Structure formats: structure tokens, C-alpha cells
Amino acid sequence: MTTVAQRGRGALTKTVFWMVSERSVKLLCGGVMAILMARYFSPENYGKWGVAMALASFGRDFVGLGLDQLVLRDLAKEGADRGRILGSYAGLMAMVSVGLGVILMGVGVYNLHDFESRNLVMILVWLAVPQAMMPADLWLLSRYEAKRLVLTRNVVSLVLFAVRGLMMWKQVSLVPFAWLLLGETVLYYGVGWGLYLAKRDITEKLGWCWRQMGRWLVEAWPIFTTMFLNSVAYSAQTLLVQKLTTWEATGQYAAATKLAEQWWLIIGAGAGAVLPRLVQAKEEGPDAFRQLLQAVLDLAVAASVLVGIVSLGVLPWLIPLALGDSYQAAVAPLLILIWVAPASFCDFILFQFLAVEGKLAYGVPLALANAVIQLAVSILLIRYWGEMGAATAIFVAAWVSTFWVPFWFAATREYARWQVRSLYFFLHLRSTVAFVRRMWSNLRH
């Protein structure tokens, strides 16, 4: 069996290209479909969908426990028992997904008294279960065999995009869309599992090892604890909006957060791409590491501020045009959420910094601070400002937990100073422009 060590740089470049192309298709289809579904459903119905998806996203985000990078690392090792690694992770994800499904279904039934929203929750909370097949993706990535996986998934995404359009033309209700999404998730991860079964060595048998799972959990506890806190804050806040306002206000908020999520996905992809270069700069010395990190922070904040300024002039007329006049109230919360981006970008890069420094445990108090502030401010503001209050709570929590809380700890204090310095990016634009030129030159060659 060919190992990672036997593959060249070309294979790695092609794998990165195919993974970026898959994310691009998902981002495009997701953004367009979010607009179409918001237009198709009234704000009230979209609010029901948004609450159900908030609970479902908790399971989908948390089911992997943030172990994918550790599993990918172990799969890439020479002489690794890939069958046992894959089986252990798939089994762990299956147990977590079923447990989360039962818990989230109970939370939804207890908090929601509308029949249709309960039905949506009882379907969508099981979206995490098919993700138990996701370890097959990691196996394929460890062998640089992403092309067929990505092409097949892109076809699935485009076909189901067309199916949703047909359902809207036929004026189908909310619940069939939930069943379609569940079926799409099964197909999405089933493709990867099928390719794994077709390509694996016949001697590679799936196994199960409790000790292996224990080692992963011990090593990655800061990652999944941080994920848990972030997911709780998002899901709980959406439930608060529904409890303290109306279904229509919840729909306005759901539309704003869904559109903002498309921007945040770009942020996450960009920050994730920084990690390999940070590791290289760390090996070159502390000065190279500091200069690169400051340049990345300056560029991130500058780009976020530019998008925020443009949004102030564009979104007030673009959102009613795209979503319809009934979503006029979604403009203000969306503008607030767009300005969360500078903090979010710095926060993503902070976790890359902690990963390079081997100090991921410090991410837990930062995530805890963010969750506590977000929920506390939500309780105070939502009853008075509705969806505006919820968006303001996210803004306040993100900026405080990103630019102030890191000063509390010696391990993150220096990075906190770099973050604050990035807010004055306009004072050192020359170095930022030079960094962008170097990036463009590297891409061309």
C-alpha cells in the first residue's frame, strides 16, 4: 500500500486543490440556497427551520469531537493499523451521534410546542449519524485520493440543488426539505465510505480499540471542549430568540445568521490555511514567526474592515432585493454580524497560534468567556431588541473574548498585543501590501 511518505508535493497540491473546489461548490450552493429558501418560506416558517437547524448543527459540529487532525496524523504514519484507527473513530462518532440525537430531540420537544417545528427537530437532529462515515474521508486524504470523492460529491450537491428548486416550484412544505437534507447527508458521507471500501487493501480490516479512543480524547480535550462551548452558545441563543420573541423575529435572525455564516466559512478556510506556514515560520526562528503572524493579522483585520464598510452601503438595498421585502428586519442584525469578522478572524488565528505553541488548553477559558458573555448579553437584550439584541450579543462576546480576555493569561498576552496592533493596520499598510504581494508571487509560482 502506498503511504504518504511515498507521495510527492504534486499529489499534496492536487489534494488541496480538490478540497478547496469542494468547499467552493458547497459555499456557492449553500449561499444561493439559503437565499432561495428564505424567499420561499415566510420569516415565520424560516424561523422554525432555523431553530431546528440550530439544534441539528450542535450535533453535526460536535460529533467528530475535533479529532479529525489527530486521526489523519495517525493514518499517515508508516506502518499504521489503518483499519483499527478508522474503525475506532467511526465507532466513537456513531456512539456520540446517537447519544446527541436522543438528547437534542428531547431538548427540542421540551422547548418547542409548535407541531411543525417539533417534526423538523425530530428529523434534523439525526444529521450527525451519517457523519460516522466521515473517517473514510480522512483515509482518502491520507492517501491523497480526493479527486473522485470531490467530483462525486459536487455532482450530488448540484443535483440536489436542482431537486430543491423543483420542490420550491411545486410549493412543498417544510418537512420534506428536512427529509431531503437528511438523505443528502447520508449520500454525502456514503460516497466517501463507498470509495474507501473499493480502494482499501483486502488485508485492511476494520477494528475497534478503546485504548486508541482514550488516547485521542486525552490529547484533544481542549479542542472538543472548545467546540462544545461554542456550539452550546449558538444553539442556546437561537432557542432564546424563539422563547423571548416571535417566530417571525426568529426567522429574521435565522436569515441573518445563515448569510453571515457564509462569510465566516471563508474566514475559517483562510485561517486554517495559515497553520502550515506558521509551523514553518516557527522553525525559522521567533522573529520570522512574529513577523508572519503580525502580517496575517493585519491582512485579516484589513480585509474584514473593508468588507464591513462595503456592507454598510450595499446590504440595506441588496437584502430586500435578494430575500424580499418581508426580510427588511434582517438587514440590521446582518450588518452587526458582518462586523464580528475582525474578531472572528483573529480568534481563528489565535487557535492556530495555540496549536503551534502546544498550548491549546488556553483556548478553553477563552471559549468559556465567549459563551458566558454571549448568553448573558442575549438574556439582557433579546427581550427588548429582539433579533438585534441577539446579533449585538454575538458582537460583544466576540470582541471582548478576542481582544480583552487573552490579556488575562501570560501564555496569550503577547499574541493579544499583536491582535490589538492589527486594529491599527492603516498605520502600517506598506508591510501589509508587501505581504500580499509575496503571497501572490508564491501562488503564481
# chains A, B, ... in the order shown; residues from 1 in each chain; ligands from 1

$ residues_around --residues "stretch 33-47 of chain A" --least-positions-apart "5" --cutoff "9 Å" --atoms "only C-alpha atoms" --output "count of residues only"
28

$ atom_distance --atom1 "atom CA of A:Ala256" --atom2 "atom CA of A:Val150"
29.1 Å

$ closest_residue --among "A:Gly285, A:Gly308, A:Gly101, A:Gly31" --to "A:Ile336" --atoms "only C-alpha atoms"
A:Gly308

$ residues_around --residues "A:Trp263" --least-positions-apart "4" --cutoff "12 Å" --atoms "only C-alpha atoms" --output "PyMOL selection string"
chain A and resi 27-28+30-31+256-259+267-270+303-304+307-308+311+334-335+337-342+344-345

$ closest_residue --among "A:Ile379, A:Ala94, A:Cys29, A:Leu318" --to "A:Leu244" --atoms "only C-alpha atoms"
A:Ile379

$ closest_residue --among "A:Ala260, A:Glu116, A:Ala198, A:Val301" --to "A:Leu315" --atoms "only C-alpha atoms"
A:Ala260

$ closest_residue --among "A:Tyr384, A:Trp216, A:Lys26, A:Ser97" --to "A:Ser157" --atoms "only C-alpha atoms"
A:Lys26

$ atom_distance --atom1 "atom CA of A:Ser235" --atom2 "atom CA of A:Leu104"
10.3 Å

$ atom_distance --atom1 "atom CA of A:Asp81" --atom2 "atom CA of A:Gly358"
26.2 Å

$ residues_around --residues "A:Gly108" --least-positions-apart "5" --cutoff "9 Å" --atoms "only C-alpha atoms" --output "PyMOL selection string"
chain A and resi 51-52+55+103+113+117-118+121-122

$ write_last_selection --atoms "N, CA and C atoms" --output "PDB file, in the first residue's frame"
ATOM      1  N   VAL A  51     -34.500  27.298  13.981  1.00  0.00           N
ATOM      2  CA  VAL A  51     -34.385  26.709  15.316  1.00  0.00           C
ATOM      3  C   VAL A  51     -34.011  25.234  15.221  1.00  0.00           C
ATOM      4  N   ALA A  52     -34.679  24.507  14.315  1.00  0.00           N
ATOM      5  CA  ALA A  52     -34.371  23.080  14.145  1.00  0.00           C
ATOM      6  C   ALA A  52     -32.924  22.895  13.678  1.00  0.00           C
ATOM      7  N   LEU A  55     -30.337  23.367  16.559  1.00  0.00           N
ATOM      8  CA  LEU A  55     -30.155  22.157  17.366  1.00  0.00           C
ATOM      9  C   LEU A  55     -29.385  21.096  16.583  1.00  0.00           C
ATOM     10  N   ILE A 103     -30.596  13.224  22.964  1.00  0.00           N
ATOM     11  CA  ILE A 103     -30.627  14.388  23.863  1.00  0.00           C
ATOM     12  C   ILE A 103     -31.238  15.607  23.170  1.00  0.00           C
ATOM     13  N   HIS A 113     -43.320  23.959  21.146  1.00  0.00           N
ATOM     14  CA  HIS A 113     -44.694  23.478  21.287  1.00  0.00           C
ATOM     15  C   HIS A 113     -45.452  23.529  19.966  1.00  0.00           C
ATOM     16  N   SER A 117     -42.517  22.582  13.953  1.00  0.00           N
ATOM     17  CA  SER A 117     -41.131  22.752  14.387  1.00  0.00           C
ATOM     18  C   SER A 117     -40.641  21.511  15.134  1.00  0.00           C
ATOM     19  N   ARG A 118     -41.521  20.859  15.890  1.00  0.00           N
ATOM     20  CA  ARG A 118     -41.138  19.609  16.553  1.00  0.00           C
ATOM     21  C   ARG A 118     -40.797  18.535  15.535  1.00  0.00           C
ATOM     22  N   VAL A 121     -37.354  19.164  14.115  1.00  0.00           N
ATOM     23  CA  VAL A 121     -36.300  18.799  15.059  1.00  0.00           C
ATOM     24  C   VAL A 121     -36.104  17.292  15.098  1.00  0.00           C
ATOM     25  N   MET A 122     -37.202  16.529  15.123  1.00  0.00           N
ATOM     26  CA  MET A 122     -37.120  15.076  15.239  1.00  0.00           C
ATOM     27  C   MET A 122     -36.466  14.440  14.010  1.00  0.00           C
TER      28      MET A 122
END

$ residues_around --residues "stretch 420-428 of chain A" --least-positions-apart "3" --cutoff "9 Å" --atoms "only C-alpha atoms" --output "VMD selection string"
chain A and resid 294 to 295 297 to 302 342 403 415 to 417 431 to 432

$ write_last_selection --atoms "N, CA and C atoms" --output "PDB file, in the first residue's frame"
ATOM      1  N   GLN A 294       2.013  38.723  12.604  1.00  0.00           N
ATOM      2  CA  GLN A 294       1.516  40.101  12.575  1.00  0.00           C
ATOM      3  C   GLN A 294       1.002  40.473  11.192  1.00  0.00           C
ATOM      4  N   ALA A 295       1.695  40.024  10.147  1.00  0.00           N
ATOM      5  CA  ALA A 295       1.259  40.320   8.785  1.00  0.00           C
ATOM      6  C   ALA A 295      -0.089  39.658   8.484  1.00  0.00           C
ATOM      7  N   LEU A 297      -2.410  38.811  10.711  1.00  0.00           N
ATOM      8  CA  LEU A 297      -3.431  39.515  11.492  1.00  0.00           C
ATOM      9  C   LEU A 297      -3.799  40.852  10.847  1.00  0.00           C
ATOM     10  N   ASP A 298      -2.794  41.600  10.396  1.00  0.00           N
ATOM     11  CA  ASP A 298      -3.062  42.884   9.743  1.00  0.00           C
ATOM     12  C   ASP A 298      -3.924  42.695   8.502  1.00  0.00           C
ATOM     13  N   LEU A 299      -3.558  41.703   7.689  1.00  0.00           N
ATOM     14  CA  LEU A 299      -4.315  41.448   6.462  1.00  0.00           C
ATOM     15  C   LEU A 299      -5.736  41.006   6.780  1.00  0.00           C
ATOM     16  N   ALA A 300      -5.889  40.146   7.788  1.00  0.00           N
ATOM     17  CA  ALA A 300      -7.215  39.638   8.150  1.00  0.00           C
ATOM     18  C   ALA A 300      -8.130  40.764   8.612  1.00  0.00           C
ATOM     19  N   VAL A 301      -7.616  41.613   9.485  1.00  0.00           N
ATOM     20  CA  VAL A 301      -8.438  42.708  10.006  1.00  0.00           C
ATOM     21  C   VAL A 301      -8.728  43.721   8.904  1.00  0.00           C
ATOM     22  N   ALA A 302      -7.741  44.026   8.062  1.00  0.00           N
ATOM     23  CA  ALA A 302      -7.954  44.981   6.968  1.00  0.00           C
ATOM     24  C   ALA A 302      -9.033  44.490   6.013  1.00  0.00           C
ATOM     25  N   PRO A 342     -13.733  40.831  12.097  1.00  0.00           N
ATOM     26  CA  PRO A 342     -12.358  41.081  12.560  1.00  0.00           C
ATOM     27  C   PRO A 342     -12.002  40.278  13.803  1.00  0.00           C
ATOM     28  N   PHE A 403     -10.262  40.312  22.074  1.00  0.00           N
ATOM     29  CA  PHE A 403      -9.304  41.389  22.226  1.00  0.00           C
ATOM     30  C   PHE A 403      -9.004  41.769  23.685  1.00  0.00           C
ATOM     31  N   TYR A 415       0.389  37.498  22.150  1.00  0.00           N
ATOM     32  CA  TYR A 415      -0.476  37.415  20.977  1.00  0.00           C
ATOM     33  C   TYR A 415      -1.573  38.472  21.056  1.00  0.00           C
ATOM     34  N   ALA A 416      -2.109  38.717  22.267  1.00  0.00           N
ATOM     35  CA  ALA A 416      -3.148  39.729  22.441  1.00  0.00           C
ATOM     36  C   ALA A 416      -2.638  41.107  22.007  1.00  0.00           C
ATOM     37  N   ARG A 417      -1.370  41.391  22.300  1.00  0.00           N
ATOM     38  CA  ARG A 417      -0.793  42.677  21.875  1.00  0.00           C
ATOM     39  C   ARG A 417      -0.727  42.756  20.346  1.00  0.00           C
ATOM     40  N   SER A 431       3.691  47.367   4.901  1.00  0.00           N
ATOM     41  CA  SER A 431       4.110  45.985   5.177  1.00  0.00           C
ATOM     42  C   SER A 431       3.002  44.998   4.812  1.00  0.00           C
ATOM     43  N   THR A 432       1.736  45.420   4.993  1.00  0.00           N
ATOM     44  CA  THR A 432       0.619  44.539   4.633  1.00  0.00           C
ATOM     45  C   THR A 432       0.561  44.324   3.126  1.00  0.00           C
TER      46      THR A 432
END

$ residues_around --residues "A:Val71" --least-positions-apart "4" --cutoff "9 Å" --atoms "only C-alpha atoms" --output "PyMOL selection string"
chain A and resi 67+75-76+85-86+89+135+138-139+216

$ write_last_selection --atoms "N, CA and C atoms" --output "tab-separated table (two decimals), in the first residue's frame"
chain	number	residue	atom	x	y	z
A	67	LEU	N	-11.38	15.52	16.53
A	67	LEU	CA	-10.29	14.55	16.49
A	67	LEU	C	-9.76	14.31	15.08
A	75	LEU	N	-3.27	8.07	10.70
A	75	LEU	CA	-3.42	7.32	9.45
A	75	LEU	C	-2.21	7.47	8.54
A	76	ALA	N	-1.54	8.63	8.61
A	76	ALA	CA	-0.42	8.91	7.73
A	76	ALA	C	0.89	8.29	8.21
A	85	ILE	N	-7.66	2.11	13.29
A	85	ILE	CA	-7.81	3.56	13.51
A	85	ILE	C	-9.15	4.03	12.95
A	86	LEU	N	-9.45	3.61	11.73
A	86	LEU	CA	-10.69	4.02	11.08
A	86	LEU	C	-11.91	3.49	11.82
A	89	TYR	N	-12.48	5.35	15.23
A	89	TYR	CA	-13.05	6.69	15.11
A	89	TYR	C	-14.50	6.64	14.63
A	135	PRO	N	-14.80	9.24	8.83
A	135	PRO	CA	-13.41	8.78	8.88
A	135	PRO	C	-12.89	8.24	7.55
A	138	LEU	N	-10.98	10.87	5.80
A	138	LEU	CA	-9.62	11.05	6.30
A	138	LEU	C	-8.67	10.01	5.72
A	139	TRP	N	-9.17	8.78	5.58
A	139	TRP	CA	-8.36	7.71	4.97
A	139	TRP	C	-7.98	8.10	3.54
A	216	TRP	N	-6.89	9.54	22.06
A	216	TRP	CA	-7.36	10.70	21.29
A	216	TRP	C	-8.08	11.71	22.19

$ closest_residue --among "A:Val109, A:Val63, A:Val32, A:Leu187" --to "A:Val96" --atoms "only C-alpha atoms"
A:Val63

$ closest_residue --among "A:Val163, A:Ala132, A:Val232, A:Ala220" --to "A:Val186" --atoms "only C-alpha atoms"
A:Ala132

$ residues_around --residues "A:Arg84" --least-positions-apart "5" --cutoff "6 Å" --atoms "only C-alpha atoms" --output "ChimeraX atom specification"
/A:206-208

$ write_last_selection --atoms "C-alpha atoms" --output "PDB file, in the first residue's frame"
ATOM      1  CA  LEU A 206     -11.919  -2.564  10.392  1.00  0.00           C
ATOM      2  CA  GLY A 207     -11.155  -2.876  14.076  1.00  0.00           C
ATOM      3  CA  TRP A 208     -12.002  -1.342  17.411  1.00  0.00           C
TER       4      TRP A 208
END

$ select_by_dssp --residues "stretch 6-213 of chain A" --states "alpha helix (DSSP H)" --output "MDAnalysis selection string"
chainID A and resid 9:40 43:62 68:75 82:111 115:124 135:142 147:169 174:199 210:213

$ decode --residues "stretch 58-94 of chain A" --atoms "N, CA and C atoms" --output "tab-separated table (two decimals), in the first residue's frame"
chain	number	residue	atom	x	y	z
A	58	PHE	N	-25.61	21.64	16.39
A	58	PHE	CA	-24.86	21.26	17.59
A	58	PHE	C	-24.32	19.84	17.43
A	59	GLY	N	-25.20	18.92	17.01
A	59	GLY	CA	-24.77	17.54	16.81
A	59	GLY	C	-23.76	17.42	15.68
A	60	ARG	N	-24.01	18.10	14.57
A	60	ARG	CA	-23.11	18.00	13.41
A	60	ARG	C	-21.73	18.57	13.71
A	61	ASP	N	-21.67	19.66	14.47
A	61	ASP	CA	-20.38	20.29	14.76
A	61	ASP	C	-19.59	19.51	15.80
A	62	PHE	N	-20.30	18.89	16.74
A	62	PHE	CA	-19.63	18.30	17.91
A	62	PHE	C	-19.34	16.82	17.74
A	63	VAL	N	-20.01	16.13	16.80
A	63	VAL	CA	-19.94	14.68	16.74
A	63	VAL	C	-18.52	14.18	16.48
A	64	GLY	N	-17.71	14.93	15.74
A	64	GLY	CA	-16.35	14.49	15.46
A	64	GLY	C	-15.38	14.74	16.59
A	65	LEU	N	-15.82	15.51	17.61
A	65	LEU	CA	-15.02	15.80	18.80
A	65	LEU	C	-13.69	16.48	18.47
A	66	GLY	N	-13.57	17.03	17.26
A	66	GLY	CA	-12.34	17.72	16.89
A	66	GLY	C	-11.14	16.82	16.75
A	67	LEU	N	-11.38	15.52	16.53
A	67	LEU	CA	-10.29	14.55	16.49
A	67	LEU	C	-9.76	14.31	15.08
A	68	ASP	N	-10.35	14.95	14.06
A	68	ASP	CA	-10.00	14.60	12.69
A	68	ASP	C	-8.53	14.78	12.37
A	69	GLN	N	-7.91	15.86	12.88
A	69	GLN	CA	-6.49	16.07	12.59
A	69	GLN	C	-5.61	15.02	13.26
A	70	LEU	N	-5.99	14.60	14.47
A	70	LEU	CA	-5.24	13.54	15.14
A	70	LEU	C	-5.38	12.22	14.40
A	71	VAL	N	-6.59	11.92	13.95
A	71	VAL	CA	-6.83	10.68	13.21
A	71	VAL	C	-6.07	10.71	11.89
A	72	LEU	N	-6.11	11.84	11.21
A	72	LEU	CA	-5.38	11.98	9.94
A	72	LEU	C	-3.88	11.81	10.16
A	73	ARG	N	-3.38	12.35	11.25
A	73	ARG	CA	-1.96	12.18	11.58
A	73	ARG	C	-1.62	10.71	11.79
A	74	ASP	N	-2.46	9.99	12.54
A	74	ASP	CA	-2.19	8.58	12.81
A	74	ASP	C	-2.32	7.72	11.56
A	75	LEU	N	-3.27	8.07	10.70
A	75	LEU	CA	-3.42	7.32	9.45
A	75	LEU	C	-2.21	7.47	8.54
A	76	ALA	N	-1.54	8.63	8.61
A	76	ALA	CA	-0.42	8.91	7.73
A	76	ALA	C	0.89	8.29	8.21
A	77	LYS	N	0.91	7.75	9.42
A	77	LYS	CA	2.14	7.17	9.96
A	77	LYS	C	2.51	5.89	9.24
A	78	GLU	N	3.79	5.68	9.07
A	78	GLU	CA	4.28	4.46	8.44
A	78	GLU	C	3.92	3.25	9.30
A	79	GLY	N	3.34	2.23	8.68
A	79	GLY	CA	3.01	1.00	9.40
A	79	GLY	C	1.79	1.09	10.29
A	80	ALA	N	0.98	2.16	10.13
A	80	ALA	CA	-0.20	2.33	10.98
A	80	ALA	C	-1.24	1.25	10.68
A	81	ASP	N	-1.95	0.82	11.72
A	81	ASP	CA	-3.07	-0.11	11.55
A	81	ASP	C	-4.30	0.71	11.16
A	82	ARG	N	-4.42	0.99	9.88
A	82	ARG	CA	-5.44	1.91	9.41
A	82	ARG	C	-6.85	1.40	9.66
A	83	GLY	N	-7.04	0.10	9.55
A	83	GLY	CA	-8.36	-0.46	9.80
A	83	GLY	C	-8.82	-0.24	11.22
A	84	ARG	N	-7.93	-0.43	12.17
A	84	ARG	CA	-8.28	-0.23	13.57
A	84	ARG	C	-8.51	1.25	13.87
A	85	ILE	N	-7.66	2.11	13.29
A	85	ILE	CA	-7.81	3.56	13.51
A	85	ILE	C	-9.15	4.03	12.95
A	86	LEU	N	-9.45	3.61	11.73
A	86	LEU	CA	-10.69	4.02	11.08
A	86	LEU	C	-11.91	3.49	11.82
A	87	GLY	N	-11.87	2.22	12.18
A	87	GLY	CA	-13.00	1.62	12.90
A	87	GLY	C	-13.23	2.25	14.26
A	88	SER	N	-12.14	2.57	14.95
A	88	SER	CA	-12.27	3.17	16.29
A	88	SER	C	-12.92	4.55	16.20
A	89	TYR	N	-12.48	5.35	15.23
A	89	TYR	CA	-13.05	6.69	15.11
A	89	TYR	C	-14.50	6.64	14.63
A	90	ALA	N	-14.79	5.74	13.66
A	90	ALA	CA	-16.16	5.61	13.18
A	90	ALA	C	-17.08	5.13	14.30
A	91	GLY	N	-16.63	4.18	15.10
A	91	GLY	CA	-17.44	3.70	16.21
A	91	GLY	C	-17.69	4.76	17.26
A	92	LEU	N	-16.64	5.53	17.57
A	92	LEU	CA	-16.78	6.61	18.54
A	92	LEU	C	-17.78	7.65	18.05
A	93	MET	N	-17.68	8.02	16.77
A	93	MET	CA	-18.60	9.00	16.21
A	93	MET	C	-20.04	8.47	16.18
A	94	ALA	N	-20.20	7.19	15.90
A	94	ALA	CA	-21.54	6.61	15.88
A	94	ALA	C	-22.18	6.68	17.27
